[in-house]
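Remarks on the structure that follows.
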Amino acid sequence: MNWAEGPLLALDIETTGTDPWADRIVTASLVEVGVGSEPNVQSWLLNPGVPIPADAEAIHGISTAQASSDGATPAQALAEISSRVAAWLETSSPVVAFNASFDLTMLEAENERHGVATLVERLGEIRPVIDPFVLDKKMDTYRRGKRTLPTLAELYGVPLENAHSSAADAVATALLVPRITAQFPELGAYSVDALHDAQKLWREEQQLSLANYFRRQGNLDAVGSIRTEWPIHSR
């Protein structure tokens, strides 16, 4: 049995927006999966302390009123989430996140914001991480079309109902990993630590290629927005 067959811990978060340094987490889910067992899902609803924009609510379905009345105190929820992620990574088992540099950067930014020990403070380095988005783009670089989670779930035959709920997205993200490695068995030949390091290089290459595309289009604002760090962005 290789690492892709589990156990894996998948993380997904839904937010008020896409800027880790300004936006807030609204929901988060951790899903543990392993061979022969049903996914074990743990979810949190947070009170972000700021209004949830209409466009964000339209994606994940959580209103400001619902989050304010039913959401947990951010510091409490973030401490629970980060403690579990850190404990998992300490066993050298991988955490899986789709477009990990967004979710993990957002989690770290929120930890800093609310005075919760960050993953970097707890661990020194966030590893090992597996990112199906990076894997798919590396293994099937020239495939046309979108590379969103729903698109990849359909492509690899992973069920995804209620997309953009953190629980459903985390389950689908976890299930994507063995499907991708089954289609591209060379990935399973990596140790999980070696694959973590490879993904850093692949993500940088992918982002630099995207920057070159924007540059050829004359879209210099988009070029300036490209970040190459993985699995978290620096401030």
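To be explicit about the labels: the chains of the structure tokens are called A, B, and onward in the order shown, and within each one the residues are counted from 1, while ligands get numbers from 1 in the order they are shown.
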Rows by chain and residue number, range 35-74 of chain A within 12 Å of range 171-194 of chain A, shortest pair, only C-alpha atoms, as a Markdown table:
| residue | atom | partner | partner_atom | distance |
| --- | --- | --- | --- | --- |
| A:Val35 | CA | A:Pro178 | CA | 10.2 |
| A:Glu38 | CA | A:Val171 | CA | 10.1 |
| A:Pro39 | CA | A:Val171 | CA | 7.0 |
| A:Asn40 | CA | A:Val171 | CA | 9.0 |
| A:Val41 | CA | A:Val171 | CA | 7.9 |
| A:Gln42 | CA | A:Val171 | CA | 10.7 |
| A:Ser43 | CA | A:Val171 | CA | 11.5 |
**Item:** In range 78-135 of chain A, DSSP strand (DSSP E) residues written as an NGL selection string
**Value:** :A and (95-96 or 129-130)
**Request:** Choose the residue, out of A:Ala167, A:Leu210, A:Ala67, A:Ala79, that has the smallest atom-to-atom separation from Ile13 in chain A; count only C-alpha atoms.
**Result:** A:Ala167
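Interatomic distance, CA of Ser37 in chain A to CA of Met139 in chain A: 27.9 Å.
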**Message:** Report as a PyMOL selection string all protein, DNA and RNA residues lying within 10 Å of Asp23 in chain A, evaluated on only C-alpha atoms, omitting residues in the same chain fewer than 6 positions from it.
**Reply:** chain A and resi 15-17+48+50+52+106+109-110
Just the selected residues (N, CA and C atoms), exported as a JSON list (two decimals), in the first residue's frame, please.
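Below is the file that was written, out_31.json:
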[["chain", "number", "residue", "atom", "x", "y", "z"],
["A", 15, "THR", "N", -14.78, 31.13, 2.65],
["A", 15, "THR", "CA", -14.36, 32.41, 3.21],
["A", 15, "THR", "C", -15.26, 33.56, 2.77],
["A", 16, "THR", "N", -14.94, 34.74, 3.31],
["A", 16, "THR", "CA", -15.64, 35.96, 2.88],
["A", 16, "THR", "C", -15.08, 36.52, 1.59],
["A", 17, "GLY", "N", -13.92, 36.01, 1.14],
["A", 17, "GLY", "CA", -13.28, 36.52, -0.06],
["A", 17, "GLY", "C", -11.96, 35.82, -0.30],
["A", 48, "PRO", "N", -17.30, 35.26, 11.45],
["A", 48, "PRO", "CA", -16.10, 35.97, 10.97],
["A", 48, "PRO", "C", -15.94, 37.36, 11.56],
["A", 50, "VAL", "N", -17.24, 40.03, 10.49],
["A", 50, "VAL", "CA", -17.41, 41.03, 9.44],
["A", 50, "VAL", "C", -18.57, 40.57, 8.56],
["A", 52, "ILE", "N", -20.54, 39.12, 5.49],
["A", 52, "ILE", "CA", -20.21, 38.21, 4.40],
["A", 52, "ILE", "C", -20.77, 38.80, 3.12],
["A", 106, "MET", "N", -4.69, 31.15, 4.13],
["A", 106, "MET", "CA", -5.81, 31.74, 4.84],
["A", 106, "MET", "C", -5.85, 31.28, 6.29],
["A", 109, "ALA", "N", -3.06, 33.08, 8.16],
["A", 109, "ALA", "CA", -3.38, 34.50, 8.35],
["A", 109, "ALA", "C", -4.41, 34.68, 9.45],
["A", 110, "GLU", "N", -5.41, 33.81, 9.47],
["A", 110, "GLU", "CA", -6.43, 33.89, 10.52],
["A", 110, "GLU", "C", -5.84, 33.55, 11.89]]
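The gap separating CA of Trp230 in chain A from CA of Glu80 in chain A is 23.4 Å, in Å to one decimal.
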**Item:** Selection: 9 Å around Asn111 in chain A, only C-alpha atoms, excl. self and same-chain fewer than 4 positions, as a list in words
**Value:**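 Here the answer would be Pro74, Ala75, Leu78, Ala79, Ser82, Met106, Leu107, Gly115, Val116, Ala117, Thr118 and Leu119 of chain A.
Excluding Phe133 in chain A itself and same-chain residues fewer than 6 positions from it, the residues having an atom within 10 Å of it are Ala97, Phe98, Asn99, Ala100, Arg147, Thr148, Leu149, Leu152, Thr173, Leu176, Val177 and Arg203 of chain A, counting only C-alpha atoms.
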**Request:** Name all residues at most 7 Å from Pro94 in chain A (count only C-alpha atoms; drop same-chain ones fewer than 5 positions away) and give them as a VMD selection string.
**Result:** chain A and resid 8 to 9 89 128 to 130
**Residue neighbourhood Ile59 in chain A, 10 Å, only C-alpha atoms, exclusion window fewer than 4 positions, as a ChimeraX atom specification** = /A:14-16,54-55,163-165
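What separates CA of Ala86 in chain A from CA of Glu32 in chain A is a distance of 13.9 Å.
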**Asked** So which residues of range 8-234 of chain A fall under alpha helix (DSSP H) by DSSP, listed as number ranges by chain?
**Response** A: 54-60, 64-70, 74-90, 100-113, 119-123, 132-139, 149-155, 166-183, 192-217, 220-225
